[in-house]
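Here's the structure, in structure tokens; my notes come after.
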Amino acid sequence: MMHQTILSGSPTVSDDRDVHLRLDGLTKTYGNSVAVSALDLSVPKGELVALLGPSGCGKTTTLRMVAGLIQPTGGRIVVGSNDITAMPTYRRDMGLVFQSYALFPHMTVAKNVAFGLEMRSVPKAEIERRVKEALAMVRLEALAERKPRELSGGQQQRVALARALVIRPSILLLDEPLSNLDAKLRDEMRNEIRDIQQSLGITAVFVTHDQVEALSMCDKVVVMRAGKLEQVGTPIDVYEHPATPFVASFVGRTNRLEGRARGDGTVDVGPMSVRVPGRPGGNVEIMVRPHRIRLLDADAAQGASGEGTNLLSGRLTRVTFVGDLLQYQVDVGGTEIVVEAASDHGRGIRSVGSPVALAWRVEDTMVFGRSA
Amino acid sequence: MTAITASAPPAAPRLALGRTGTAIALLLPIALINAIGFILPVLNLLRMSFNEALAGGGVRETVTFENWTGLFGDSFYVELILNSITVSLSITLATLVVSYPIALYLHRSTGRWRTFLTVLVISPLLTSAVVRTYGWIALLADQGPIVSGIAALGFAPPRLMFNTTGVIIGLTEILMPYMILSLLAGFGRLDPRVEEAAMSLGAPPIKTFWRVILPLTVPGIALGCLLCFVLAVSSFITPKLLGGGRVFLLATEIYDQAIVTLNWPLAATLSMLVLIIFGAALAVYARILRAID
Amino acid sequence: MEADNTSVPMKILVALLFIFLLAPVILVVPLSFSGEQILSFPPESWSLRWYAALADNPKMISAFWTSLLLGAIVTAISLAVAIPAAYVIVRMRTLGSSFLYNLFTAPLLLPTIVLGLAILIVFASIGFLGTFPGLIIGHLVITLPYALRVLATTLGNLNLACEEAASTLGARPITVFRRVTLPMMAPGIVAATALCFLVSFDEVVITLFLTGPRLTTLPVELFHHVESRADPLVASVSVLLILLTLAVVMIVDRSVGLSKTFVK
Amino acid sequence: MTMMKRRTALLGISALAFAASMPAFAQEKTVTLAAYSGIFQDHYTKAVVEPFMKAHPDIKVQFYGMPNSAQMLGTLRAQKASPQIDVMIMDVSVAKAATDEGLFDKVDESVSKHVADLYPAARAEGVGGVGVTFDNLVLLYNEDQVKTAPTSWNALWDKQYAGKVAIPAVPDIQGTTLTIIANKMAGEEDYKKTVEPGIKKLGELAPNVQTWDPRPDVYTPIANGQAALGIGWNARAQVYSDAAGSKLGVALPEEGSGFQINTINLVKNSPANDAAKTFIDYALSPEAQAAFTEAMFYAPTNSKAQEKISKEALARTAAGSMDDMIGIDWIAVAGIRDAITEQWRRRVIPLSR
């Protein structure tokens with residue numbers, strides 16, 4: 001397992017021996033607009049990789065190019081040692097699970113699952129056995145003779161998964177498979193997909209705009225923006241060591257401050273001075289995650305002060321109760337900073353307007369260079 | 001910032017350029033039928049309107065504007081054209097008046113009742129115009145139930161058949177389903193809550209109708225009127241059977257010139273005239289739609 | 001449910017207008033049981049003689065079979081031609097497909113009297129008048145646009161992902177079309193079939209220009225009959241036709257829903 | 001591939017069905033006869049066509065009824081490239097026009113030996129066909145509404161019957177005949193010189209007219225009272241007036257009437273030419289002529305038919321009233337027919353609106 005920070009610009013993550021799917025400078029343009037721009041990516045065998053990014057970032061286009069549903073404008077797609085860039089979809093041997101499930105409405109569940117096997121001219125008896133197996137895997141044996149429209153969203157989702165897996169594809173592709181499910185079902189399916197993927201040891205690419213899905217399920221997260229790679233890394237890397245301000249703000253919530261670094265490990269943000277790791281210089285952007293900040297009473301602040309801690313004082317402007325969390329908005333010399341704390345039976349809620357102090361460890365401060 | 005793609009990139013062409021040949025092959029049959037049965041005949045018709053008609057149904061290939069100048073220089077044809085337009089407009093107006101209440105009622109109905117009424121509206125459409133005209137012949141005859149009924153009430157029995165009145169009655173009924181369906185299509189904007197809002201603001205039903213309902217249904221009215229006008233101008237079965245040989249309309253004249261007199265250049269010219277009237281109606285329609293927006 | 005915010009006078013008005021709309025169609029039912037020699041309503045005596053007369057009228061019967069056969073052939077060709085055309089036009093957007101769509105549906109915009117005359121003049125010169133192939137082409141000119149319109153709409157509303165799913169599962173394009181696209185188009189195909197058949201079966205204006213002494217369709221024969229005789233025979237034919245139409249409508253309604261087909 | 005196969009199969013089925021439907025038309029032995037529809041069709045089928053088919057089991061005659069001669073000519077012209085009609089029974093003046101356009105073959109002794117026996121009037125110069133029936137125009141009236149039988153065409157102009165007159169307008173030949181009669185009533189004997197007085201007189205008739213296009217024919221509306229007066233052909237009027245309970249009265253006005261000749265013609269390049277000739281030969285035979293006269297009161301054109309016809313029937317035909325006929329040169333009328341039609345459409349019919 002690699003836990004080191006992967007710097008942007010060197011996205012290859014593992015030994016080439018293990019690489020199962022490789023994208024080389026993959027590009028897709030529509031007229032003047034660039035959907036995917038010179039994308040390089042390697043996916044090791046057996047890993048579940050998430051393509052994460054806001055809508056329109058090119059992640060679905062990338063997935064569809066891998067599936068052969070969109071012809072790339074440039075670059076190569078390599079599976080194992082085969083260049084499949086020009087290969088038609090139906091010969092690529094990839095299982096694709098669609099956001100809309102795309103079940104064949106005129107076929108029963110069993111027929112849907114059997115379709116890919118029929119296309120491969122698998123003997124009838126074997127089709128029957130494997131369909132049963134696949135449906136058992138997603139716990140839908142009882143519904144084999146139903147039509148898709150008679151199933152719930154979660155059941156349809158599992159049929160789509162069984163249909164994609166029954167052909168034993170070399171690579172499983174999932175296009176926002178959970179976005180049409182409600183929150184509770186989404187959690188369940190997340191674990192189910194992860195379990196199945198691991199037990200089969202199948203290489204999988206998972207497209208999502210939901211950072212929780214990406215972080216919780218995947219071996220590796222590929223953050224994309226405007227058709228380009230921002231960062232590739234393990235979930236922890238991406239969260240803890242975002243390579244760019246975009247990654248930092250897209251993956252998890254963050255406070256974002258602009259300032260000027262003195263080159264001595266401190267940054268001036270307005271009238272305040274904030275200590276940061278290392279000794280950057282010039283214009284910088286500072287980010288601190290809300291839950292890393294402690295909110296203290298103004299008079300208790302003195303005790304919290306220390307070498308490795310940033311301490312600022314401000315005024316509480318708003319308190320929001322969101323169930324498991326309390327969100328505080330604090331005005332620090334004209335800058336809004338958000339602080340999150342676990343709520344404890346609603347106890348200890350401070351009143352708006354009271355003077356407070358904010359404290360966080362210097363190592364929790366993320367610094368990014370900023371062009372003037 | 002330009003590098004950020006739109007949220008929905010244009011969908012990819014489903015067939016690669018290499019399959020253009022397949023596409024052309026698949027389109028060939030429809031293109032062929034369209035060419036033989038539509039483009040060629042219509043172009044030929046346009047050409048025909050500049051040919052010279054010879055006695056006995058002959059046609060001389062030439063380029064003459066005599067058919068056109070003759071048409072507008074002849075009071076008989078000028079009157080026929082004006083009469084066609086007036087009669088078609090009357091039919092359109094009559095159809096609108098009798099269709100509007102049905103459409104409004106249908107729009108307000110829901111569920112099975114609405115389905116049932118819709119089937120009632122559509123069913124005449126599935127019955128041949130010949131059959132429906134035949135029904136009107138039985139109904140409008142001098143001894144028929146309508147004339148006798150009016151006479152029984154002590155009025156002078158009117159003449160409802162073999163004249164323009166008969167043609168208007170028959171065609172109004174025949175075009176009703178088209179009008180009702182068009183009105184319904186255009187009623188999409190009419191939310192019942194708007195009426196309720198108007199009433200809650202103190203508008204009595206009549207005022208609500210004039211100030212709220214009618215303006216909102218103008219698109220449907222325009223569409224229905226366009227369709228009915230065009231169908232009326234080109235209708236021919238009903239005027240032929242109910243007109244008593246005295247209702248001269250463009251469509252019946254085209255048929256007579258084409259089949260009986262065999263003056264094809266004149267028939268072609270009259271047809272082109274129908275298309276011109278059609279184009280004018282479309283222009284008026286587009287204007288109305290623009291005016292509403 | 002019945003609209004409840006409608007006043008009683010309005011309801012009466014609507015009922016009267018419905019009677020006006022349906023009168024001629026309903027009227028042919030009692031007329032067909034007339035015992036009279038000539039068309040009159042109400043008839044003074046009742047009988048089945050006009051049904052017997054119909055059974056005895058070989059011209060009417062042969063015109064009926066001609067119409068039926070013509071309708072079946074025209075419908076079959078319309079589907080065979082319009083399905084691939086709709087597929088290419090909807091799925092392939094690089095060839096100016098909206099232009100093609102408009103061109104191929106343009107015959108619907110033309111008044112049938114003009115279209116009929118135009119076809120007459122061309123067909124007369126190539127000896128296509130009064131022939132079966134001539135009739136087929138004449139009818140195709142108007143059924144194809146209907147078929148194309150219905151099928152293209154159906155295809156445009158299909159979930160493209162299903163076809164993509166099939167191809168990722170290993171189906172070749174032709175298999176995708178046959179196993180997935182075509183079955184999913186079924187409601188549109190049923191609607192197009194019914195529409196093409198009814199349009200062809202009822203077409204009278206264009207057909208009037210194209211039929212001849214040796215070949216007549218039922219609507220044209222009915223027109224000629226109404227033109228030259230005033231007996232209740234047409235009523236008995238009409239009743240049978242209405243029953244036939246009802247059967248077709250019921251089949252369509254069962255399979256796809258009537259309003260979907262005819263109300264857009 | 002499968003799709004292609006299916007489509008091919010579909011086309012195959014269509015072609016098969018198409019082929020199956022053709023023999024009935026393709027067979028050389030079917031003669032298509034175009035003539036007047038309605039009552040003419042009924043009686044001619046019974047009196048001539050059916051006995052012919054019985055005598056010639058190998059030939060089938062298909063009767064194609066049309067409302068008037070003008071439409072028959074139109075159909076014939078449109079089909080010039082590939083005729084589908086073999087034999088056409090139509091008015092002599094229209095037949096003249098058709099002959100001039102080269103649409104008919106000559107019917108002479110080589111077609112039928114009976115041609116030699118025809119009355120001279122049946123063998124008009126410049127007409128391809130020969131006369132098959134003689135008839136004349138009569139005044140029709142409804143016996144309930146017109147109590148005393150009218151004796152003059154002037155009854156049509158009687159304001160008493162406003163909106164109750166049924167006139168089959170031109171291009172129907174009955175309208176043409178009425179023009180010539182009206183012309184004479186207005187004082188102009190020579191219709192070849194001008195029909196202006198006749199057109200003027202018809203303009204005065206127009207307001208009285210209920211319909212210019214009586215349906216299904218002119219006799220029915222008068223018989224059932226929809227109209228009170230009208231003009232029609234004697235033969236058909238006689239048949240209608242014989243029908244049980246008919247209120248149709250037939251009068252031959254004192255001013256005299258127009259004589260009319262229907263000719264039987266052989267269509268040039270028709271598909272069943274030989275069988276058509278066989279049929280024409282039969283139609284001109286004394287037997288067929290006599291049978292049709294008995295059935296429908298058309299005067300025969302074959303001089304040898306007379307002896308086979310009952311006196312009573314013959315008296316009711318045009319042959320019974322030859323002395324009252326205005327001499328009409330139908331061949332000359334053929335030349336002014338279109339002009340008369342135009343005058344009606346512009347100056348007569350519009351006055352009735």
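Naming works like this for the structure tokens: A, B, ... for the chains as they're shown, residue 1 at the start of each chain, ligands 1 onward in shown order.
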
For this session: Identify all chain C residues at most 9 Å from chain A by counting only C-alpha atoms; ligands do not count. Present them as a PyMOL selection string.
Result: chain C and resi 159-173+175+180+183-184

Keeping only N, CA and C atoms, write those residues as a PDB file, in the first residue's frame.
ATOM      1  N   ASN C 159     -34.661   4.807 -24.315  1.00  0.00           N
ATOM      2  CA  ASN C 159     -33.472   4.970 -23.498  1.00  0.00           C
ATOM      3  C   ASN C 159     -32.280   4.405 -24.261  1.00  0.00           C
ATOM      4  N   LEU C 160     -31.446   5.299 -24.725  1.00  0.00           N
ATOM      5  CA  LEU C 160     -30.289   4.904 -25.514  1.00  0.00           C
ATOM      6  C   LEU C 160     -29.400   3.944 -24.738  1.00  0.00           C
ATOM      7  N   ALA C 161     -29.400   4.109 -23.404  1.00  0.00           N
ATOM      8  CA  ALA C 161     -28.516   3.295 -22.569  1.00  0.00           C
ATOM      9  C   ALA C 161     -28.797   1.812 -22.733  1.00  0.00           C
ATOM     10  N   CYS C 162     -30.051   1.438 -23.001  1.00  0.00           N
ATOM     11  CA  CYS C 162     -30.356   0.022 -23.163  1.00  0.00           C
ATOM     12  C   CYS C 162     -29.591  -0.564 -24.337  1.00  0.00           C
ATOM     13  N   GLU C 163     -29.532   0.220 -25.438  1.00  0.00           N
ATOM     14  CA  GLU C 163     -28.800  -0.272 -26.594  1.00  0.00           C
ATOM     15  C   GLU C 163     -27.306  -0.314 -26.300  1.00  0.00           C
ATOM     16  N   GLU C 164     -26.833   0.690 -25.564  1.00  0.00           N
ATOM     17  CA  GLU C 164     -25.419   0.697 -25.190  1.00  0.00           C
ATOM     18  C   GLU C 164     -25.115  -0.497 -24.291  1.00  0.00           C
ATOM     19  N   ALA C 165     -26.042  -0.756 -23.365  1.00  0.00           N
ATOM     20  CA  ALA C 165     -25.843  -1.890 -22.470  1.00  0.00           C
ATOM     21  C   ALA C 165     -25.711  -3.169 -23.280  1.00  0.00           C
ATOM     22  N   ALA C 166     -26.580  -3.329 -24.270  1.00  0.00           N
ATOM     23  CA  ALA C 166     -26.536  -4.540 -25.079  1.00  0.00           C
ATOM     24  C   ALA C 166     -25.192  -4.648 -25.785  1.00  0.00           C
ATOM     25  N   SER C 167     -24.659  -3.531 -26.283  1.00  0.00           N
ATOM     26  CA  SER C 167     -23.394  -3.641 -27.002  1.00  0.00           C
ATOM     27  C   SER C 167     -22.245  -3.913 -26.032  1.00  0.00           C
ATOM     28  N   THR C 168     -22.321  -3.377 -24.805  1.00  0.00           N
ATOM     29  CA  THR C 168     -21.250  -3.726 -23.862  1.00  0.00           C
ATOM     30  C   THR C 168     -21.334  -5.200 -23.469  1.00  0.00           C
ATOM     31  N   LEU C 169     -22.530  -5.773 -23.584  1.00  0.00           N
ATOM     32  CA  LEU C 169     -22.681  -7.181 -23.240  1.00  0.00           C
ATOM     33  C   LEU C 169     -22.291  -8.075 -24.402  1.00  0.00           C
ATOM     34  N   GLY C 170     -21.820  -7.467 -25.494  1.00  0.00           N
ATOM     35  CA  GLY C 170     -21.290  -8.267 -26.579  1.00  0.00           C
ATOM     36  C   GLY C 170     -22.177  -8.398 -27.799  1.00  0.00           C
ATOM     37  N   ALA C 171     -23.276  -7.600 -27.867  1.00  0.00           N
ATOM     38  CA  ALA C 171     -24.167  -7.730 -29.016  1.00  0.00           C
ATOM     39  C   ALA C 171     -23.672  -6.840 -30.152  1.00  0.00           C
ATOM     40  N   ARG C 172     -23.620  -7.408 -31.360  1.00  0.00           N
ATOM     41  CA  ARG C 172     -23.240  -6.626 -32.539  1.00  0.00           C
ATOM     42  C   ARG C 172     -24.370  -5.648 -32.867  1.00  0.00           C
ATOM     43  N   PRO C 173     -24.061  -4.587 -33.631  1.00  0.00           N
ATOM     44  CA  PRO C 173     -25.093  -3.571 -33.916  1.00  0.00           C
ATOM     45  C   PRO C 173     -26.398  -4.159 -34.431  1.00  0.00           C
ATOM     46  N   THR C 175     -27.553  -7.134 -33.971  1.00  0.00           N
ATOM     47  CA  THR C 175     -28.221  -7.879 -32.892  1.00  0.00           C
ATOM     48  C   THR C 175     -28.850  -6.910 -31.893  1.00  0.00           C
ATOM     49  N   VAL C 180     -32.988  -5.600 -29.027  1.00  0.00           N
ATOM     50  CA  VAL C 180     -33.290  -4.556 -28.044  1.00  0.00           C
ATOM     51  C   VAL C 180     -34.093  -3.398 -28.640  1.00  0.00           C
ATOM     52  N   PRO C 183     -37.712  -4.544 -30.233  1.00  0.00           N
ATOM     53  CA  PRO C 183     -38.743  -4.863 -29.223  1.00  0.00           C
ATOM     54  C   PRO C 183     -39.160  -3.639 -28.400  1.00  0.00           C
ATOM     55  N   MET C 184     -38.185  -2.751 -28.136  1.00  0.00           N
ATOM     56  CA  MET C 184     -38.552  -1.583 -27.339  1.00  0.00           C
ATOM     57  C   MET C 184     -39.400  -0.601 -28.134  1.00  0.00           C
TER      58      MET C 184
END

As an mmCIF file with N, CA and C atoms, in the first residue's frame, please: every residue in region 155-291 of chain A that a backbone DSSP assignment puts in strand (DSSP E).
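Result written to out07.cif:
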data_model
loop_
_atom_site.group_PDB
_atom_site.id
_atom_site.type_symbol
_atom_site.label_atom_id
_atom_site.label_comp_id
_atom_site.auth_asym_id
_atom_site.auth_seq_id
_atom_site.Cartn_x
_atom_site.Cartn_y
_atom_site.Cartn_z
ATOM 1 N N ILE A 171 -13.048 -6.082 -17.183
ATOM 2 C CA ILE A 171 -13.109 -4.856 -16.384
ATOM 3 C C ILE A 171 -14.575 -4.495 -16.142
ATOM 4 N N LEU A 172 -14.869 -4.097 -14.930
ATOM 5 C CA LEU A 172 -16.233 -3.660 -14.610
ATOM 6 C C LEU A 172 -16.258 -2.133 -14.581
ATOM 7 N N LEU A 173 -17.211 -1.562 -15.314
ATOM 8 C CA LEU A 173 -17.328 -0.108 -15.360
ATOM 9 C C LEU A 173 -18.647 0.277 -14.697
ATOM 10 N N LEU A 174 -18.591 1.251 -13.794
ATOM 11 C CA LEU A 174 -19.814 1.669 -13.115
ATOM 12 C C LEU A 174 -19.987 3.174 -13.294
ATOM 13 N N ASP A 175 -21.101 3.564 -13.933
ATOM 14 C CA ASP A 175 -21.343 4.981 -14.225
ATOM 15 C C ASP A 175 -22.369 5.524 -13.237
ATOM 16 N N THR A 203 -11.055 -5.915 -11.746
ATOM 17 C CA THR A 203 -10.661 -4.524 -11.933
ATOM 18 C C THR A 203 -11.908 -3.715 -12.228
ATOM 19 N N ALA A 204 -12.060 -2.561 -11.569
ATOM 20 C CA ALA A 204 -13.293 -1.805 -11.779
ATOM 21 C C ALA A 204 -13.014 -0.311 -11.810
ATOM 22 N N VAL A 205 -13.748 0.383 -12.638
ATOM 23 C CA VAL A 205 -13.679 1.845 -12.696
ATOM 24 C C VAL A 205 -15.051 2.380 -12.344
ATOM 25 N N PHE A 206 -15.067 3.299 -11.420
ATOM 26 C CA PHE A 206 -16.310 3.764 -10.830
ATOM 27 C C PHE A 206 -16.391 5.274 -11.014
ATOM 28 N N VAL A 207 -17.422 5.727 -11.730
ATOM 29 C CA VAL A 207 -17.573 7.166 -11.960
ATOM 30 C C VAL A 207 -18.550 7.728 -10.941
ATOM 31 N N THR A 208 -18.172 8.801 -10.272
ATOM 32 C CA THR A 208 -19.085 9.396 -9.300
ATOM 33 C C THR A 208 -18.766 10.868 -9.093
ATOM 34 N N LYS A 220 -8.467 3.625 -5.069
ATOM 35 C CA LYS A 220 -7.781 4.801 -5.551
ATOM 36 C C LYS A 220 -8.825 5.797 -6.057
ATOM 37 N N VAL A 221 -8.502 7.055 -5.886
ATOM 38 C CA VAL A 221 -9.421 8.092 -6.348
ATOM 39 C C VAL A 221 -8.709 8.939 -7.384
ATOM 40 N N VAL A 222 -9.397 9.145 -8.525
ATOM 41 C CA VAL A 222 -8.869 10.004 -9.579
ATOM 42 C C VAL A 222 -9.748 11.243 -9.612
ATOM 43 N N VAL A 223 -9.187 12.381 -9.202
ATOM 44 C CA VAL A 223 -9.996 13.600 -9.193
ATOM 45 C C VAL A 223 -9.797 14.325 -10.517
ATOM 46 N N MET A 224 -10.906 14.633 -11.177
ATOM 47 C CA MET A 224 -10.834 15.287 -12.483
ATOM 48 C C MET A 224 -11.514 16.639 -12.433
ATOM 49 N N ARG A 225 -11.018 17.511 -13.306
ATOM 50 C CA ARG A 225 -11.631 18.830 -13.398
ATOM 51 C C ARG A 225 -11.418 19.331 -14.817
ATOM 52 N N LYS A 228 -9.311 17.372 -17.175
ATOM 53 C CA LYS A 228 -7.916 17.085 -16.831
ATOM 54 C C LYS A 228 -7.838 16.409 -15.475
ATOM 55 N N LEU A 229 -6.746 15.658 -15.277
ATOM 56 C CA LEU A 229 -6.473 15.056 -13.985
ATOM 57 C C LEU A 229 -6.040 16.122 -13.008
ATOM 58 N N GLU A 230 -6.556 16.092 -11.804
ATOM 59 C CA GLU A 230 -6.081 16.985 -10.763
ATOM 60 C C GLU A 230 -5.156 16.219 -9.827
ATOM 61 N N GLN A 231 -5.610 15.012 -9.470
ATOM 62 C CA GLN A 231 -4.820 14.221 -8.535
ATOM 63 C C GLN A 231 -5.255 12.770 -8.607
ATOM 64 N N VAL A 232 -4.283 11.887 -8.427
ATOM 65 C CA VAL A 232 -4.584 10.467 -8.300
ATOM 66 C C VAL A 232 -3.966 9.987 -7.003
ATOM 67 N N GLY A 233 -4.716 9.275 -6.217
ATOM 68 C CA GLY A 233 -4.128 8.769 -4.983
ATOM 69 C C GLY A 233 -5.112 7.932 -4.207
ATOM 70 N N ASN A 255 -12.158 25.542 4.908
ATOM 71 C CA ASN A 255 -12.106 27.001 4.977
ATOM 72 C C ASN A 255 -10.954 27.460 4.109
ATOM 73 N N ARG A 256 -11.188 28.526 3.417
ATOM 74 C CA ARG A 256 -10.222 28.940 2.421
ATOM 75 C C ARG A 256 -9.858 30.403 2.682
ATOM 76 N N LEU A 257 -8.577 30.659 2.920
ATOM 77 C CA LEU A 257 -8.119 32.023 3.223
ATOM 78 C C LEU A 257 -7.007 32.390 2.263
ATOM 79 N N GLU A 258 -6.996 33.647 1.845
ATOM 80 C CA GLU A 258 -5.921 34.084 0.956
ATOM 81 C C GLU A 258 -4.991 35.000 1.736
ATOM 82 N N GLY A 259 -3.708 34.829 1.483
ATOM 83 C CA GLY A 259 -2.767 35.679 2.215
ATOM 84 C C GLY A 259 -1.433 35.761 1.523
ATOM 85 N N ARG A 260 -0.477 36.371 2.264
ATOM 86 C CA ARG A 260 0.864 36.511 1.702
ATOM 87 C C ARG A 260 1.869 35.910 2.666
ATOM 88 N N ALA A 261 2.672 34.975 2.127
ATOM 89 C CA ALA A 261 3.629 34.282 2.981
ATOM 90 C C ALA A 261 4.877 35.128 3.159
ATOM 91 N N ARG A 262 5.408 35.105 4.372
ATOM 92 C CA ARG A 262 6.598 35.919 4.636
ATOM 93 C C ARG A 262 7.879 35.156 4.348
ATOM 94 N N THR A 266 5.230 31.890 8.342
ATOM 95 C CA THR A 266 3.985 32.552 8.696
ATOM 96 C C THR A 266 3.385 33.195 7.462
ATOM 97 N N VAL A 267 2.050 33.309 7.524
ATOM 98 C CA VAL A 267 1.320 33.921 6.401
ATOM 99 C C VAL A 267 0.435 35.021 6.964
ATOM 100 N N ASP A 268 0.459 36.184 6.313
ATOM 101 C CA ASP A 268 -0.421 37.266 6.751
ATOM 102 C C ASP A 268 -1.742 37.151 6.014
ATOM 103 N N VAL A 269 -2.777 36.987 6.818
ATOM 104 C CA VAL A 269 -4.120 36.971 6.229
ATOM 105 C C VAL A 269 -4.835 38.180 6.810
ATOM 106 N N MET A 272 -4.397 39.231 10.499
ATOM 107 C CA MET A 272 -3.955 38.091 11.296
ATOM 108 C C MET A 272 -2.668 37.527 10.737
ATOM 109 N N SER A 273 -2.045 36.737 11.558
ATOM 110 C CA SER A 273 -0.869 36.004 11.126
ATOM 111 C C SER A 273 -1.111 34.527 11.422
ATOM 112 N N VAL A 274 -0.896 33.701 10.408
ATOM 113 C CA VAL A 274 -1.162 32.279 10.572
ATOM 114 C C VAL A 274 0.126 31.517 10.311
ATOM 115 N N ARG A 275 0.416 30.554 11.176
ATOM 116 C CA ARG A 275 1.613 29.742 10.973
ATOM 117 C C ARG A 275 1.262 28.530 10.107
ATOM 118 N N GLY A 281 6.710 31.062 0.162
ATOM 119 C CA GLY A 281 6.770 32.502 0.002
ATOM 120 C C GLY A 281 5.751 32.965 -1.020
ATOM 121 N N GLY A 282 5.551 34.258 -1.107
ATOM 122 C CA GLY A 282 4.651 34.825 -2.117
ATOM 123 C C GLY A 282 3.188 34.711 -1.732
ATOM 124 N N ASN A 283 2.324 34.927 -2.719
ATOM 125 C CA ASN A 283 0.888 34.833 -2.476
ATOM 126 C C ASN A 283 0.484 33.383 -2.298
ATOM 127 N N VAL A 284 -0.260 33.102 -1.260
ATOM 128 C CA VAL A 284 -0.667 31.725 -1.016
ATOM 129 C C VAL A 284 -2.147 31.641 -0.659
ATOM 130 N N GLU A 285 -2.616 30.424 -0.706
ATOM 131 C CA GLU A 285 -3.989 30.129 -0.306
ATOM 132 C C GLU A 285 -3.874 29.156 0.857
ATOM 133 N N ILE A 286 -4.587 29.413 1.910
ATOM 134 C CA ILE A 286 -4.514 28.554 3.087
ATOM 135 C C ILE A 286 -5.854 27.856 3.256
ATOM 136 N N MET A 287 -5.809 26.570 3.558
ATOM 137 C CA MET A 287 -7.061 25.858 3.795
ATOM 138 C C MET A 287 -6.995 25.097 5.107
ATOM 139 N N VAL A 288 -8.100 25.132 5.804
ATOM 140 C CA VAL A 288 -8.212 24.390 7.055
ATOM 141 C C VAL A 288 -9.589 23.734 7.074
#

For this session: Compile the residues of chain A that lie within 7 Å of chain B, evaluated using only C-alpha atoms, and express the compilation as an MDAnalysis selection string.
Result: chainID A and resid 33:35 55:56 70 226

Exercise. What residues in chain C lie within 6 Å of chain D, counting only C-alpha atoms, written as a list in words?
Worked result: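 Residues of chain C within 6 Å of chain D, counting only C-alpha atoms: Ile73, Gly127, Pro213, Glu227, Ser228, Arg229 and Ala230 of chain C.
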
For this session: Might you pull out every residue within 9 Å of Ala283 (chain D), with only C-alpha atoms counted and same-chain residues fewer than 4 positions away left off, and present them as a list in words?
Result: Val48, Val49, Phe52, Val132, Ile264, Thr278, Phe279, Glu287, Ala288 and Gln289 of chain D

Exercise. What gap, in Å, lies between CA of Glu254 (chain D) and CA of Ala155 (chain D)?
Worked result: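 Value for the CA of Glu254 (chain D)-CA of Ala155 (chain D) distance: 11.6 Å.
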
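Using only C-alpha atoms, the contacts of Thr62 (chain B) at a cut-off of 12 Å, with sequence neighbours closer than 4 positions omitted, comprise Arg47, Met48, Ser49, Phe50, Asn51, Glu52, Ala53, Leu54, Glu66, Asn67 and Pro265 of chain B.
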